[in-house]
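Student: Once you've had a glance at the structure underneath, I'll fire off some questions.
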Amino acid sequence: MRAFAVSFVIVALGSSAVAAPQVLTLEDAIRIARAHHPSVEATRAQLEAARARLSQARAQFLPGVTGSFSYQPQTANFALSPGFKRLLDTPSSGLASVLSTSGAPITAQCVPPMNPDGSFDFSGVCQSPPPPAAAPADYQLFNYWAASLGIYWTAFDWGRTIYGYRAARTAVDAQALSTRASEADVVLNVKLAYYGALAADAAERVAIEALATQNRHLDQARAFLAVGSKTKIDVASAESDTAAAELSLARARGGVESARAQLSAAIGEDPFRDYTLVTPPESADAETIANPPPALDTLVDEALATRPEPEALRLQARSLADTARALRGSYLPSLVLQAGPTWGGVDLASLTTNFSITVSLTYPITGMNPFLVHAQVKEAQATAAVARAQERAERNQVRLETAQARAGIDSAREAVKAAQKLVAAARERRDLAEGRYDAGVGSILELSDAELNYVNAELQSVQSTLTLAQARAELDHALGRL
């Protein structure tokens with residue numbers, strides 16, 4: 001098997017200075033990507049947000065604290081309500097003129113007799129007192145201080161708290177699996193880009209070797225023309241082959257630059273950095289070629305058991321189902337217990353203290369709208385059904401990825417074997433053609449055809465090796481192996 005090229009240089013975008021390249025292995029690239037790739041960082045932040053929501057749901061089981069302190073300057077005018085006015089207008093005692101012990105007339109309170117209908121009889125000596133005169137309005141402000149402190153606790157809310165907590169806890173587990181899936185996708189992209197960069201370097205090396213060979217053939221054709229053993233057409237053919245080799249080298253170098261950019265993007269570093277790549281050992285390729293993968297059913301069972309995506313969707317569906325149960329509790333009021341002291345008075349240094357305990361049935365501040373609650377429950381149930389359908393689709397996708405990856409391994413194994421044979425045969429043909437041309441019995445067309453055939457065989461060998469490495473990476477991803 002032909003080895004990949006050992007190194008390449010990534011040029012930092014927007015900078016003309018080239019720093020000393022850092023050695024980068026495939027394991028290092030994977031480690032950097034898992035630590036710093038934006039998509040991984042985003043899913044980890046989403047996991048932290050889910051954990052925060054779980055803490056919020058857990059806090060609903062605990063009592064809360066309320067408190068207030070206010071300064072309320074106000075006037076002392078008394079507003080007589082209809083009830084107070086009726087009470088004051090119905091006197092329970094009257095006034096009578098009597099003589100004091102000294103013989104002086106005075107006015108004293110007396111209790112009048114009661115009529116059969118329950119009213120007082122003021123027709124006798126005991127006269128009805130005159131109504132009190134209303135005090136004139138006074139707009140002087142007086143200090144008034146008020147403060148309160150207490151605790152409240154939702155004792156029962158028909159499952160809103162418990163099901164909300166269960167939904168948040170399951171959502172954390174689902175997001176953790178989604179984070180694993182994101183890391184697996186990043187690892188796969190890094191592997192594919194790393195192998196692609198090595199293959200691009202190998203293709204560039206093949207193009208450089210081909211150009212050097214064509215230049216040697218051109219010099220040889222010119223030497224033969226100078227001594228008269230070959231014609232001008234040999235030189236023209238050699239020049240044409242050299243120009244074609246230069247074009248192939250230019251394209252190969254463009255492929256190297258593109259592969260370098262893809263690798264930098266797959267690693268997720270910002271900005272791009274310079275690296276010297278290290279070719280992974282070929283033992284894995286040799287083992288893959290020698291040992292075919294297990295049966296498809298075995299691989300599919302392993303993939304369905306280890307891939308995080310289907311399990312994440314299953315947990316999302318369960319979380320949404322618990323959310324629907326929590327929303328159903330909004331049809332009924334919550335049982336809330338409140339207790340705590342209050343203080344009030346006109347002097348901050350000597351406020352009057354009271355204490356109260358309240359047991360209440362309450363709806364949310366917006367009240368209970370059965371149509372709104374019904375729609376919210378239906379939305380949560382429908383979203384849960386979507387997640388269950390996505391889980392089924394994801395399982396089918398895992399089966400498909402596993403089958404395609406296994407087929408890719410089988411195809412790549414055979415392609416590598418065939419490419420090895422093709423390179424050996426093409427090399428022998430080229431060597432024979434060069435010997436015949438050197439001896440003067442072969443034509444330049446025969447030599448050009450043999451050289452082109454050898455270059456194509458080298459490129460196919462590089463491509464087949466890349467395909468095998470990528471197929472192995474895709475199978476690992478399909479099986480959930482990081």
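Chain labels follow the order of the structure tokens: the first chain is A, the next B, and so on; residue numbering restarts at 1 in every chain, and ligands are counted from 1 in their shown order.
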Taking the DSSP assignment computed from this structure's backbone, write out as a PyMOL selection string all residues of segment 168-305 of chain A that belong to helix (DSSP H, G or I).

Tutor: chain A and resi 168-227+232-267+283-290+296-305

Student: Using backbone DSSP assignments, extract all strand (DSSP E) residues from segment 269-459 of chain A; output them as a PyMOL selection string.

Tutor: chain A and resi 275-277+334-345+352-362

Student: With N, CA, C and O atoms kept, could you save the residues just selected as a short mmCIF file (atom, residue, chain, number, x, y, z; two decimals), in the first residue's frame?

Tutor:
data_model
loop_
_atom_site.label_atom_id
_atom_site.label_comp_id
_atom_site.auth_asym_id
_atom_site.auth_seq_id
_atom_site.Cartn_x
_atom_site.Cartn_y
_atom_site.Cartn_z
N TYR A 275 0.46 23.59 10.58
CA TYR A 275 0.71 22.28 11.16
C TYR A 275 1.58 21.45 10.22
O TYR A 275 1.61 21.65 9.01
N THR A 276 2.28 20.53 10.83
CA THR A 276 2.94 19.45 10.10
C THR A 276 2.22 18.17 10.47
O THR A 276 2.23 17.76 11.64
N LEU A 277 1.57 17.55 9.49
CA LEU A 277 0.76 16.37 9.77
C LEU A 277 1.63 15.12 9.87
O LEU A 277 2.64 15.00 9.19
N SER A 334 -53.88 25.75 42.76
CA SER A 334 -52.83 25.23 43.64
C SER A 334 -53.18 25.54 45.08
O SER A 334 -53.78 26.58 45.39
N LEU A 335 -52.80 24.63 45.97
CA LEU A 335 -52.95 24.85 47.40
C LEU A 335 -51.66 25.49 47.92
O LEU A 335 -50.59 24.88 47.89
N VAL A 336 -51.77 26.73 48.39
CA VAL A 336 -50.61 27.52 48.80
C VAL A 336 -50.74 27.88 50.27
O VAL A 336 -51.81 28.32 50.72
N LEU A 337 -49.68 27.68 51.02
CA LEU A 337 -49.61 28.05 52.43
C LEU A 337 -48.69 29.26 52.56
O LEU A 337 -47.59 29.28 52.00
N GLN A 338 -49.15 30.28 53.34
CA GLN A 338 -48.37 31.48 53.58
C GLN A 338 -48.42 31.82 55.07
O GLN A 338 -49.46 31.65 55.71
N ALA A 339 -47.31 32.29 55.60
CA ALA A 339 -47.25 32.68 57.00
C ALA A 339 -46.15 33.70 57.18
O ALA A 339 -45.12 33.65 56.50
N GLY A 340 -46.38 34.63 58.14
CA GLY A 340 -45.34 35.61 58.42
C GLY A 340 -45.87 36.80 59.16
O GLY A 340 -47.09 37.04 59.22
N PRO A 341 -45.00 37.60 59.75
CA PRO A 341 -45.40 38.80 60.49
C PRO A 341 -45.51 40.01 59.58
O PRO A 341 -44.94 40.06 58.50
N THR A 342 -46.25 41.01 60.05
CA THR A 342 -46.36 42.31 59.39
C THR A 342 -46.16 43.40 60.43
O THR A 342 -46.45 43.21 61.62
N TRP A 343 -45.66 44.54 59.99
CA TRP A 343 -45.46 45.69 60.86
C TRP A 343 -46.05 46.92 60.19
O TRP A 343 -45.98 47.07 58.97
N GLY A 344 -46.64 47.80 61.01
CA GLY A 344 -47.19 49.03 60.48
C GLY A 344 -47.33 50.09 61.56
O GLY A 344 -47.48 49.77 62.75
N GLY A 345 -47.30 51.36 61.17
CA GLY A 345 -47.47 52.44 62.13
C GLY A 345 -46.93 53.75 61.60
O GLY A 345 -46.29 53.80 60.54
N THR A 352 -46.40 48.59 64.98
CA THR A 352 -47.28 47.57 65.53
C THR A 352 -47.09 46.27 64.77
O THR A 352 -47.10 46.26 63.53
N THR A 353 -46.92 45.17 65.50
CA THR A 353 -46.64 43.87 64.89
C THR A 353 -47.90 43.02 64.87
O THR A 353 -48.66 42.98 65.85
N ASN A 354 -48.10 42.32 63.73
CA ASN A 354 -49.17 41.33 63.59
C ASN A 354 -48.59 40.09 62.93
O ASN A 354 -47.53 40.12 62.31
N PHE A 355 -49.29 38.99 63.05
CA PHE A 355 -48.85 37.73 62.45
C PHE A 355 -50.07 37.06 61.83
O PHE A 355 -51.17 37.07 62.42
N SER A 356 -49.88 36.48 60.65
CA SER A 356 -51.00 35.85 59.97
C SER A 356 -50.55 34.57 59.28
O SER A 356 -49.39 34.42 58.90
N ILE A 357 -51.48 33.64 59.17
CA ILE A 357 -51.31 32.39 58.42
C ILE A 357 -52.44 32.30 57.42
O ILE A 357 -53.62 32.49 57.77
N THR A 358 -52.06 32.01 56.15
CA THR A 358 -53.05 31.96 55.07
C THR A 358 -52.96 30.63 54.35
O THR A 358 -51.87 30.19 53.99
N VAL A 359 -54.10 30.00 54.18
CA VAL A 359 -54.22 28.81 53.34
C VAL A 359 -55.14 29.18 52.19
O VAL A 359 -56.30 29.57 52.43
N SER A 360 -54.63 29.08 50.95
CA SER A 360 -55.41 29.58 49.82
C SER A 360 -55.32 28.63 48.64
O SER A 360 -54.35 27.88 48.48
N LEU A 361 -56.35 28.68 47.82
CA LEU A 361 -56.36 28.02 46.51
C LEU A 361 -56.19 29.10 45.46
O LEU A 361 -57.01 30.02 45.38
N THR A 362 -55.14 29.01 44.67
CA THR A 362 -54.83 30.08 43.74
C THR A 362 -54.56 29.53 42.35
O THR A 362 -54.05 28.42 42.17
#

Student: Go ahead and compute the interatomic distance for atom CA of Arg430 of chain A and atom CA of Ala457 of chain A, in Å to one decimal.

Tutor: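 One can read the atom CA of Arg430 of chain A to atom CA of Ala457 of chain A distance as 11.3 Å.
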
Student: Contacts of Ala181 of chain A at 7 Å or less, counting only C-alpha atoms, minus same-chain residues fewer than 3 places along, as a list in words?

Tutor: Leu177, Ser178, Ala184, Asp185, Pro308 and Glu309 of chain A

Student: Write a file of the just-selected residues containing N, CA and C atoms, as a PDB file, in the first residue's frame.

Tutor:
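As a result, out-v1.pdb now contains:
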ATOM      1  N   LEU A 177     -26.932  13.406  25.641  1.00  0.00           N
ATOM      2  CA  LEU A 177     -26.744  12.517  24.494  1.00  0.00           C
ATOM      3  C   LEU A 177     -26.559  13.317  23.204  1.00  0.00           C
ATOM      4  N   SER A 178     -27.273  14.418  23.072  1.00  0.00           N
ATOM      5  CA  SER A 178     -27.092  15.270  21.892  1.00  0.00           C
ATOM      6  C   SER A 178     -25.685  15.847  21.844  1.00  0.00           C
ATOM      7  N   ALA A 184     -19.346  13.318  18.213  1.00  0.00           N
ATOM      8  CA  ALA A 184     -19.085  12.247  17.240  1.00  0.00           C
ATOM      9  C   ALA A 184     -19.056  12.796  15.818  1.00  0.00           C
ATOM     10  N   ASP A 185     -19.961  13.712  15.502  1.00  0.00           N
ATOM     11  CA  ASP A 185     -19.961  14.318  14.167  1.00  0.00           C
ATOM     12  C   ASP A 185     -18.669  15.113  13.926  1.00  0.00           C
ATOM     13  N   PRO A 308     -26.059   7.708  20.127  1.00  0.00           N
ATOM     14  CA  PRO A 308     -26.822   8.532  21.077  1.00  0.00           C
ATOM     15  C   PRO A 308     -28.051   9.204  20.479  1.00  0.00           C
ATOM     16  N   GLU A 309     -28.104   9.372  19.157  1.00  0.00           N
ATOM     17  CA  GLU A 309     -29.199  10.153  18.578  1.00  0.00           C
ATOM     18  C   GLU A 309     -30.581   9.547  18.812  1.00  0.00           C
TER      19      GLU A 309
END

Student: Write out as an MDAnalysis selection string the residues lying within 8 Å of Gln72 of chain A, counting only C-alpha atoms and excluding same-chain residues fewer than 2 positions away.

Tutor: chainID A and resid 70 74 143:146

Student: Tell me which protein, DNA and RNA residues are within 12 Å of Trp158 of chain A, counting only C-alpha atoms, leaving out same-chain ones fewer than 4 positions away, and put them as an MDAnalysis selection string.

Tutor: chainID A and resid 154 162:164 325:335 361 363

Student: Give me the residues within 8 Å of segment 415-417 of chain A as a list in words, counting only C-alpha atoms and dropping any in the same chain fewer than 6 places off.

Tutor: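 Final neighbour list, sorted by chain and number: Met1, Ser461, Ser464, Thr465 and Leu468 of chain A.
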
Student: Those same residues - N, CA, C and O atoms - I'd like them written as a PDB file, in the first residue's frame.

Tutor:
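Writing done, so here's out17.pdb:
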ATOM      1  N   MET A   1       0.846  -1.185   0.000  1.00  0.00           N
ATOM      2  CA  MET A   1       0.000   0.000   0.000  1.00  0.00           C
ATOM      3  C   MET A   1       0.881   1.234   0.000  1.00  0.00           C
ATOM      4  O   MET A   1       1.844   1.328   0.738  1.00  0.00           O
ATOM      5  N   SER A 461      -4.193   4.597  -6.490  1.00  0.00           N
ATOM      6  CA  SER A 461      -3.748   4.002  -5.235  1.00  0.00           C
ATOM      7  C   SER A 461      -3.947   4.961  -4.069  1.00  0.00           C
ATOM      8  O   SER A 461      -4.409   4.568  -2.978  1.00  0.00           O
ATOM      9  N   SER A 464      -7.743   5.161  -3.417  1.00  0.00           N
ATOM     10  CA  SER A 464      -8.289   3.956  -2.773  1.00  0.00           C
ATOM     11  C   SER A 464      -7.877   3.881  -1.307  1.00  0.00           C
ATOM     12  O   SER A 464      -8.666   3.456  -0.446  1.00  0.00           O
ATOM     13  N   THR A 465      -6.646   4.302  -1.021  1.00  0.00           N
ATOM     14  CA  THR A 465      -6.200   4.324   0.379  1.00  0.00           C
ATOM     15  C   THR A 465      -6.997   5.327   1.186  1.00  0.00           C
ATOM     16  O   THR A 465      -7.405   5.060   2.328  1.00  0.00           O
ATOM     17  N   LEU A 468     -10.475   3.943   1.805  1.00  0.00           N
ATOM     18  CA  LEU A 468     -10.484   2.929   2.869  1.00  0.00           C
ATOM     19  C   LEU A 468     -10.432   3.592   4.239  1.00  0.00           C
ATOM     20  O   LEU A 468     -11.177   3.197   5.154  1.00  0.00           O
TER      21      LEU A 468
END

Student: Quick one, how far is atom CA of Leu315 of chain A from atom CA of Ala176 of chain A?

Tutor: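 Taking atom CA of Leu315 of chain A as the start and atom CA of Ala176 of chain A as the end point, the length is 10.6 Å.
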
Student: Show me a table, sorted first by chain and then by increasing residue number, of the residues of segment 260-349 of chain A having an atom at most 7 Å from segment 25-44 of chain A, each with its shortest atom pair and the distance in Å to one decimal, counting only C-alpha atoms and written as a tab-separated table.

Tutor:
residue	atom	partner	partner_atom	distance
A:Ile267	CA	A:Ala33	CA	4.5
A:Gly268	CA	A:His37	CA	4.4
A:Glu269	CA	A:His37	CA	6.9
A:Leu277	CA	A:Thr25	CA	6.0
A:Val278	CA	A:Thr25	CA	5.1

Student: Export N, CA and C atoms of the chosen residues as a PDB file, in the first residue's frame?

Tutor:
ATOM      1  N   ILE A 267     -11.296  21.228  12.429  1.00  0.00           N
ATOM      2  CA  ILE A 267     -10.753  21.325  13.779  1.00  0.00           C
ATOM      3  C   ILE A 267     -11.470  22.409  14.560  1.00  0.00           C
ATOM      4  N   GLY A 268     -11.903  23.467  13.873  1.00  0.00           N
ATOM      5  CA  GLY A 268     -12.659  24.521  14.535  1.00  0.00           C
ATOM      6  C   GLY A 268     -11.818  25.580  15.187  1.00  0.00           C
ATOM      7  N   GLU A 269     -10.554  25.698  14.776  1.00  0.00           N
ATOM      8  CA  GLU A 269      -9.701  26.724  15.357  1.00  0.00           C
ATOM      9  C   GLU A 269      -9.892  28.037  14.617  1.00  0.00           C
ATOM     10  N   LEU A 277       1.570  17.548   9.492  1.00  0.00           N
ATOM     11  CA  LEU A 277       0.761  16.366   9.771  1.00  0.00           C
ATOM     12  C   LEU A 277       1.626  15.120   9.866  1.00  0.00           C
ATOM     13  N   VAL A 278       1.183  14.212  10.694  1.00  0.00           N
ATOM     14  CA  VAL A 278       1.872  12.934  10.880  1.00  0.00           C
ATOM     15  C   VAL A 278       0.972  11.840  10.315  1.00  0.00           C
TER      16      VAL A 278
END

Student: So that I can see what lies close to Thr161 of chain A, please list as a ChimeraX atom specification the residues with an atom at most 8 Å from it, counting only C-alpha atoms and leaving out residues fewer than 3 positions away in the same chain.

Tutor: /A:57,60-61,157,164-165,326
